[in-house]
Amino acid sequence: MSKQHTLKDCFTLEGKGLHTGLPITITFRPAPENHGYKIKRVDLENQPIIDALAENVGNTQRGTVIVKDNVQISTIEHAMAALYASRIDNCLIEVNAPEFPILDGSAIVYVDAINKVGVVEQEEDRDYFVVRQKMEVVDEETGSKLILLPDNSFCINSFIEFESKYIPNQSASLDSLDDFAKEIASARTFVFVREIQKLREAGLIKGGDLDNAIVIYEYKISQEDLDSLADLLGVPHKDASELGYLNNKQLQFPNEPARHKLLDIIGDIALIGKPIKGRIIATRPGHKINNKLARLVRKQIKLNEVQPPVYEPNKEAIFDINKIKELLPHRYPFLMVDKIIEVGQKHIVGVKNITMNEPYFQGHFPQEPVMPGVLQVEAMAQIGGLLVLSQIEDPERYSTYFLKIDNVKFRSKVVPGDTLIFRLNMMSEIRRGIANMKGYAFIGEKLVSEAEFTAQIVKNK
């Protein structure tokens, strides 16, 4: 299991806001386990903090804006992409303005700063959102569509389309976050000359210039109008007869706009609040549709307190039945776990195969065999015991015993032919030999029972 990460030290960047034009100072600080991404407005009274989560996104026009209690912070997506791609789980961001600085219009400055200060591993395990089945969001008006599919890692295939001879259609892919810094991070945001006047009239891109965005000039306008636009942006005059890219810096990649759109997807998906194992296929992506997918995933996370564990029967067990018998005193007919497939410092996943040969089916019930709920809880306790005993010296000299069971719920029958997958989470640190755990039992993706219990670790006589 991989661990959570945070910054090894804090770093500060300065720049202007793309939309406000304000001078901005932003500081990234290390944060404790399970903190996530939080943004603090240090320029406001009481320094309000907003969780960088999809449900807090209040606007997606030319950038991602998070809002809470009339406090907003915009243009966060490039920084979020840099944090996510750098596998940083926990970070506190302090900013003295209503938006992040645009810097060079990409994420590379953030990535370089992160690499300079370094990343440190934390104690807690990473909690992934594992995509189990196809998820899809569509915007019928724009033709945008994002599909999220199961995969062993996080990867993206993105396709963009514009009514433009310079970028009629482009694609970009990312198969590993390891390639983000080299292949995606430096891709800059882009804008068409025909859009600039409208954006300025809407009160946006006051800080835009030829150094922080790719500017595409494809339809001739008068020299006077182009000069006026250049004066508005505070940039040198260009020849109105020369179509193409107006930038001081040439394109870094032939498909730089497509790569930047992929960068934006990562920044918006980072607001799910968990790293993902899944593949995104994006057609005509944008902040609006990106946020729609992120909200859909957030809804799934809220509906399921714990995701069903992934069970791969062909994968070698962490503890097989022989190792289990070394740690637990239970034997037939009361050994309720067949193997352990995952172990972390504070969680464990175990498997129990239910067959008609279980002795309790003789009386529970002969004509309708059902596994007793109390035995499901017993299986949870045994698996929890394995978690505890596997972390102490001389585990064979100790046993675990129930002290208390709370909040037991049985949601569905368990019958012969079912495979029960149990996940046990520590609810607190072990103190004075007392362990508090929460257990869940799944059949496939269906939660069938759950319980909280307290157990005592006792030295055998």
# chains A, B, ... in the order shown; residues from 1 in each chain; ligands from 1

call {"tool": "residues_around", "arguments": {"residues": "stretch 172-174 of chain A", "least_positions_apart": "4", "cutoff": "12 Å", "atoms": "only C-alpha atoms", "output": "JSON, numbers by chain"}}
result
{"A": [85, 153, 154, 155, 156, 157, 158, 159, 160, 178, 179, 180, 181, 182, 183, 184, 185, 187, 253, 254, 255, 256, 257, 258, 259, 260, 261, 262, 263, 265, 266, 279, 280, 281, 282, 283, 284, 285]}

call {"tool": "write_last_selection", "arguments": {"atoms": "N, CA and C atoms", "output": "CSV table (one decimal), in the first residue's frame"}}
result
chain,number,residue,atom,x,y,z
A,85,ALA,N,-0.4,15.6,-9.6
A,85,ALA,CA,0.5,14.9,-10.4
A,85,ALA,C,1.8,14.6,-9.6
A,153,SER,N,-4.2,2.3,-13.0
A,153,SER,CA,-3.6,3.5,-12.6
A,153,SER,C,-4.4,4.7,-13.1
A,154,PHE,N,-3.9,5.9,-12.9
A,154,PHE,CA,-4.6,7.1,-13.4
A,154,PHE,C,-4.0,7.5,-14.7
A,155,CYS,N,-4.9,7.6,-15.7
A,155,CYS,CA,-4.4,8.0,-17.1
A,155,CYS,C,-5.5,8.7,-17.8
A,156,ILE,N,-5.1,9.4,-18.8
A,156,ILE,CA,-6.1,10.3,-19.6
A,156,ILE,C,-5.8,10.2,-21.1
A,157,ASN,N,-6.9,10.1,-21.9
A,157,ASN,CA,-6.8,10.4,-23.3
A,157,ASN,C,-7.8,11.5,-23.6
A,158,SER,N,-7.3,12.6,-24.2
A,158,SER,CA,-8.1,13.8,-24.3
A,158,SER,C,-8.1,14.2,-25.8
A,159,PHE,N,-9.2,14.7,-26.3
A,159,PHE,CA,-9.4,15.1,-27.7
A,159,PHE,C,-10.1,16.5,-27.7
A,160,ILE,N,-9.6,17.5,-28.4
A,160,ILE,CA,-10.2,18.8,-28.4
A,160,ILE,C,-10.5,19.1,-29.9
A,178,ASP,N,4.0,10.0,-13.8
A,178,ASP,CA,5.5,10.2,-13.8
A,178,ASP,C,5.9,11.0,-15.0
A,179,ASP,N,5.0,11.1,-16.1
A,179,ASP,CA,5.4,11.8,-17.3
A,179,ASP,C,4.8,13.2,-17.2
A,180,PHE,N,4.1,13.6,-16.2
A,180,PHE,CA,3.4,14.9,-16.2
A,180,PHE,C,4.4,16.1,-16.3
A,181,ALA,N,5.5,16.0,-15.5
A,181,ALA,CA,6.4,17.2,-15.4
A,181,ALA,C,7.0,17.4,-16.8
A,182,LYS,N,7.4,16.4,-17.5
A,182,LYS,CA,8.1,16.5,-18.8
A,182,LYS,C,7.1,16.8,-19.9
A,183,GLU,N,5.9,16.1,-19.9
A,183,GLU,CA,5.1,16.1,-21.1
A,183,GLU,C,3.9,17.1,-21.0
A,184,ILE,N,3.4,17.4,-19.8
A,184,ILE,CA,2.2,18.2,-19.7
A,184,ILE,C,2.3,19.5,-18.9
A,185,ALA,N,3.2,19.5,-17.9
A,185,ALA,CA,3.2,20.7,-16.9
A,185,ALA,C,3.4,22.0,-17.6
A,187,ALA,N,2.7,23.0,-20.6
A,187,ALA,CA,1.7,23.4,-21.6
A,187,ALA,C,0.9,24.6,-21.1
A,253,PHE,N,5.1,22.4,-28.0
A,253,PHE,CA,4.7,21.1,-28.6
A,253,PHE,C,3.7,21.5,-29.7
A,254,PRO,N,3.7,20.7,-30.8
A,254,PRO,CA,2.7,21.0,-31.8
A,254,PRO,C,1.2,20.9,-31.3
A,255,ASN,N,1.0,20.1,-30.3
A,255,ASN,CA,-0.3,20.0,-29.7
A,255,ASN,C,-0.4,20.6,-28.3
A,256,GLU,N,0.3,21.7,-28.1
A,256,GLU,CA,0.3,22.3,-26.8
A,256,GLU,C,-1.1,22.7,-26.2
A,257,PRO,N,-2.0,23.2,-27.0
A,257,PRO,CA,-3.3,23.4,-26.5
A,257,PRO,C,-4.0,22.2,-26.0
A,258,ALA,N,-3.9,21.1,-26.7
A,258,ALA,CA,-4.5,19.8,-26.2
A,258,ALA,C,-3.8,19.4,-24.9
A,259,ARG,N,-2.5,19.5,-24.8
A,259,ARG,CA,-1.9,19.2,-23.6
A,259,ARG,C,-2.3,20.0,-22.4
A,260,HIS,N,-2.6,21.3,-22.7
A,260,HIS,CA,-3.1,22.2,-21.6
A,260,HIS,C,-4.5,21.8,-21.2
A,261,LYS,N,-5.3,21.4,-22.1
A,261,LYS,CA,-6.6,20.9,-21.7
A,261,LYS,C,-6.5,19.7,-20.9
A,262,LEU,N,-5.6,18.8,-21.1
A,262,LEU,CA,-5.4,17.6,-20.3
A,262,LEU,C,-4.9,18.1,-18.9
A,263,LEU,N,-4.0,19.1,-18.9
A,263,LEU,CA,-3.6,19.6,-17.6
A,263,LEU,C,-4.8,20.1,-16.8
A,265,ILE,N,-7.8,19.1,-16.9
A,265,ILE,CA,-8.6,17.9,-16.5
A,265,ILE,C,-8.0,17.4,-15.1
A,266,ILE,N,-6.7,17.3,-15.1
A,266,ILE,CA,-6.1,16.8,-13.9
A,266,ILE,C,-6.4,17.8,-12.7
A,279,ARG,N,-9.2,5.4,-15.9
A,279,ARG,CA,-8.8,6.1,-17.1
A,279,ARG,C,-9.9,7.0,-17.6
A,280,ILE,N,-9.6,8.3,-17.9
A,280,ILE,CA,-10.5,9.3,-18.4
A,280,ILE,C,-10.3,9.4,-19.9
A,281,ILE,N,-11.4,9.3,-20.6
A,281,ILE,CA,-11.5,9.6,-22.0
A,281,ILE,C,-12.3,10.8,-22.2
A,282,ALA,N,-11.7,11.9,-22.6
A,282,ALA,CA,-12.3,13.2,-22.7
A,282,ALA,C,-12.5,13.7,-24.1
A,283,THR,N,-13.7,14.1,-24.5
A,283,THR,CA,-13.9,14.7,-25.8
A,283,THR,C,-14.4,16.2,-25.6
A,284,ARG,N,-13.7,17.1,-26.1
A,284,ARG,CA,-14.0,18.5,-25.9
A,284,ARG,C,-14.1,18.9,-24.4
A,285,PRO,N,-13.1,18.6,-23.7
A,285,PRO,CA,-13.2,18.9,-22.2
A,285,PRO,C,-13.1,20.4,-21.9

call {"tool": "select_by_dssp", "arguments": {"residues": "stretch 50-288 of chain A", "states": "alpha helix (DSSP H)", "output": "PyMOL selection string"}}
result
chain A and resi 77-85+108-117+180-183+193-201+223-233+256-269+287-288

call {"tool": "write_last_selection", "arguments": {"atoms": "C-alpha atoms", "output": "PDB file, in the first residue's frame"}}
result
ATOM      1  CA  GLU A  77      -6.581  24.377 -11.553  1.00  0.00           C
ATOM      2  CA  HIS A  78      -2.892  24.671 -12.523  1.00  0.00           C
ATOM      3  CA  ALA A  79      -1.717  24.461  -8.917  1.00  0.00           C
ATOM      4  CA  MET A  80      -4.119  21.600  -8.194  1.00  0.00           C
ATOM      5  CA  ALA A  81      -2.787  19.688 -11.195  1.00  0.00           C
ATOM      6  CA  ALA A  82       0.792  20.159  -9.993  1.00  0.00           C
ATOM      7  CA  LEU A  83      -0.046  18.899  -6.489  1.00  0.00           C
ATOM      8  CA  TYR A  84      -2.036  15.919  -7.750  1.00  0.00           C
ATOM      9  CA  ALA A  85       0.530  14.889 -10.367  1.00  0.00           C
ATOM     10  CA  ILE A 108       5.548  24.081 -14.568  1.00  0.00           C
ATOM     11  CA  VAL A 109       6.499  26.773 -12.024  1.00  0.00           C
ATOM     12  CA  TYR A 110       4.466  24.950  -9.363  1.00  0.00           C
ATOM     13  CA  VAL A 111       6.042  21.605 -10.299  1.00  0.00           C
ATOM     14  CA  ASP A 112       9.568  23.017 -10.184  1.00  0.00           C
ATOM     15  CA  ALA A 113       8.919  24.565  -6.759  1.00  0.00           C
ATOM     16  CA  ILE A 114       7.525  21.270  -5.433  1.00  0.00           C
ATOM     17  CA  ASN A 115      10.559  19.374  -6.725  1.00  0.00           C
ATOM     18  CA  LYS A 116      12.884  21.943  -5.154  1.00  0.00           C
ATOM     19  CA  VAL A 117      11.486  21.632  -1.611  1.00  0.00           C
ATOM     20  CA  PHE A 180       3.435  14.900 -16.164  1.00  0.00           C
ATOM     21  CA  ALA A 181       6.419  17.158 -15.432  1.00  0.00           C
ATOM     22  CA  LYS A 182       8.065  16.509 -18.795  1.00  0.00           C
ATOM     23  CA  GLU A 183       5.070  16.116 -21.107  1.00  0.00           C
ATOM     24  CA  VAL A 193      -7.945  37.017 -30.438  1.00  0.00           C
ATOM     25  CA  ARG A 194     -11.655  37.038 -31.290  1.00  0.00           C
ATOM     26  CA  GLU A 195     -12.428  36.143 -27.645  1.00  0.00           C
ATOM     27  CA  ILE A 196     -10.231  38.703 -25.914  1.00  0.00           C
ATOM     28  CA  GLN A 197     -12.472  41.753 -26.262  1.00  0.00           C
ATOM     29  CA  LYS A 198     -15.503  39.855 -24.943  1.00  0.00           C
ATOM     30  CA  LEU A 199     -13.508  38.514 -22.016  1.00  0.00           C
ATOM     31  CA  ARG A 200     -12.276  42.000 -21.140  1.00  0.00           C
ATOM     32  CA  GLU A 201     -15.823  43.337 -21.325  1.00  0.00           C
ATOM     33  CA  GLN A 223      -4.395  47.191 -37.905  1.00  0.00           C
ATOM     34  CA  GLU A 224      -6.119  49.832 -35.822  1.00  0.00           C
ATOM     35  CA  ASP A 225      -8.242  47.273 -33.982  1.00  0.00           C
ATOM     36  CA  LEU A 226      -5.271  44.974 -33.378  1.00  0.00           C
ATOM     37  CA  ASP A 227      -3.180  47.882 -32.093  1.00  0.00           C
ATOM     38  CA  SER A 228      -6.017  48.897 -29.797  1.00  0.00           C
ATOM     39  CA  LEU A 229      -6.224  45.363 -28.450  1.00  0.00           C
ATOM     40  CA  ALA A 230      -2.444  45.277 -27.944  1.00  0.00           C
ATOM     41  CA  ASP A 231      -2.628  48.549 -26.000  1.00  0.00           C
ATOM     42  CA  LEU A 232      -5.447  47.119 -23.908  1.00  0.00           C
ATOM     43  CA  LEU A 233      -3.271  44.138 -22.989  1.00  0.00           C
ATOM     44  CA  GLU A 256       0.318  22.329 -26.761  1.00  0.00           C
ATOM     45  CA  PRO A 257      -3.347  23.437 -26.509  1.00  0.00           C
ATOM     46  CA  ALA A 258      -4.482  19.807 -26.224  1.00  0.00           C
ATOM     47  CA  ARG A 259      -1.866  19.154 -23.574  1.00  0.00           C
ATOM     48  CA  HIS A 260      -3.055  22.167 -21.607  1.00  0.00           C
ATOM     49  CA  LYS A 261      -6.637  20.917 -21.726  1.00  0.00           C
ATOM     50  CA  LEU A 262      -5.368  17.630 -20.300  1.00  0.00           C
ATOM     51  CA  LEU A 263      -3.586  19.602 -17.576  1.00  0.00           C
ATOM     52  CA  ASP A 264      -6.893  21.317 -16.737  1.00  0.00           C
ATOM     53  CA  ILE A 265      -8.619  17.928 -16.460  1.00  0.00           C
ATOM     54  CA  ILE A 266      -6.081  16.818 -13.852  1.00  0.00           C
ATOM     55  CA  GLY A 267      -6.498  20.054 -11.897  1.00  0.00           C
ATOM     56  CA  ASP A 268     -10.284  19.733 -11.845  1.00  0.00           C
ATOM     57  CA  ILE A 269     -10.274  16.001 -11.075  1.00  0.00           C
ATOM     58  CA  HIS A 287     -13.879  23.185 -16.668  1.00  0.00           C
ATOM     59  CA  LYS A 288     -17.660  22.812 -16.632  1.00  0.00           C
TER      60      LYS A 288
END

call {"tool": "select_by_dssp", "arguments": {"residues": "stretch 310-440 of chain A", "states": "strand (DSSP E)", "output": "ChimeraX atom specification"}}
result
/A:339-343,347-353,398-410,419-426,434-440

call {"tool": "closest_residue", "arguments": {"among": "A:Lys292, A:Lys302, A:Arg397, A:Lys352", "to": "A:Asp320", "atoms": "only C-alpha atoms"}}
result
A:Lys352

call {"tool": "atom_distance", "arguments": {"atom1": "atom CA of A:Leu251", "atom2": "atom CA of A:Phe192"}}
result
14.8 Å

call {"tool": "closest_residue", "arguments": {"among": "A:Asn357, A:Ser186, A:Asn460, A:Asn436", "to": "A:Tyr398", "atoms": "only C-alpha atoms"}}
result
A:Asn460

call {"tool": "decode", "arguments": {"residues": "stretch 255-296 of chain A", "atoms": "C-alpha atoms", "output": "mmCIF file, in the first residue's frame"}}
result
data_model
loop_
_atom_site.group_PDB
_atom_site.id
_atom_site.type_symbol
_atom_site.label_atom_id
_atom_site.label_comp_id
_atom_site.auth_asym_id
_atom_site.auth_seq_id
_atom_site.Cartn_x
_atom_site.Cartn_y
_atom_site.Cartn_z
ATOM 1 C CA ASN A 255 -0.349 19.973 -29.686
ATOM 2 C CA GLU A 256 0.318 22.329 -26.761
ATOM 3 C CA PRO A 257 -3.347 23.437 -26.509
ATOM 4 C CA ALA A 258 -4.482 19.807 -26.224
ATOM 5 C CA ARG A 259 -1.866 19.154 -23.574
ATOM 6 C CA HIS A 260 -3.055 22.167 -21.607
ATOM 7 C CA LYS A 261 -6.637 20.917 -21.726
ATOM 8 C CA LEU A 262 -5.368 17.630 -20.300
ATOM 9 C CA LEU A 263 -3.586 19.602 -17.576
ATOM 10 C CA ASP A 264 -6.893 21.317 -16.737
ATOM 11 C CA ILE A 265 -8.619 17.928 -16.460
ATOM 12 C CA ILE A 266 -6.081 16.818 -13.852
ATOM 13 C CA GLY A 267 -6.498 20.054 -11.897
ATOM 14 C CA ASP A 268 -10.284 19.733 -11.845
ATOM 15 C CA ILE A 269 -10.274 16.001 -11.075
ATOM 16 C CA ALA A 270 -7.912 16.683 -8.148
ATOM 17 C CA LEU A 271 -10.960 18.217 -6.442
ATOM 18 C CA ILE A 272 -12.385 14.720 -5.959
ATOM 19 C CA GLY A 273 -10.297 14.641 -2.793
ATOM 20 C CA LYS A 274 -8.767 11.219 -3.433
ATOM 21 C CA PRO A 275 -6.255 9.807 -5.904
ATOM 22 C CA ILE A 276 -7.969 7.819 -8.650
ATOM 23 C CA LYS A 277 -7.325 4.476 -10.249
ATOM 24 C CA GLY A 278 -9.127 4.868 -13.556
ATOM 25 C CA ARG A 279 -8.844 6.095 -17.150
ATOM 26 C CA ILE A 280 -10.516 9.287 -18.371
ATOM 27 C CA ILE A 281 -11.460 9.589 -22.038
ATOM 28 C CA ALA A 282 -12.319 13.228 -22.688
ATOM 29 C CA THR A 283 -13.923 14.729 -25.777
ATOM 30 C CA ARG A 284 -13.993 18.533 -25.936
ATOM 31 C CA PRO A 285 -13.178 18.888 -22.226
ATOM 32 C CA GLY A 286 -13.623 22.099 -20.276
ATOM 33 C CA HIS A 287 -13.879 23.185 -16.668
ATOM 34 C CA LYS A 288 -17.660 22.812 -16.632
ATOM 35 C CA ILE A 289 -17.749 19.192 -17.809
ATOM 36 C CA ASN A 290 -14.632 18.346 -15.763
ATOM 37 C CA ASN A 291 -16.384 19.547 -12.619
ATOM 38 C CA LYS A 292 -19.505 17.607 -13.564
ATOM 39 C CA LEU A 293 -17.498 14.368 -13.555
ATOM 40 C CA ALA A 294 -15.711 15.303 -10.327
ATOM 41 C CA ARG A 295 -19.075 15.954 -8.644
ATOM 42 C CA LEU A 296 -20.391 12.589 -9.836
#
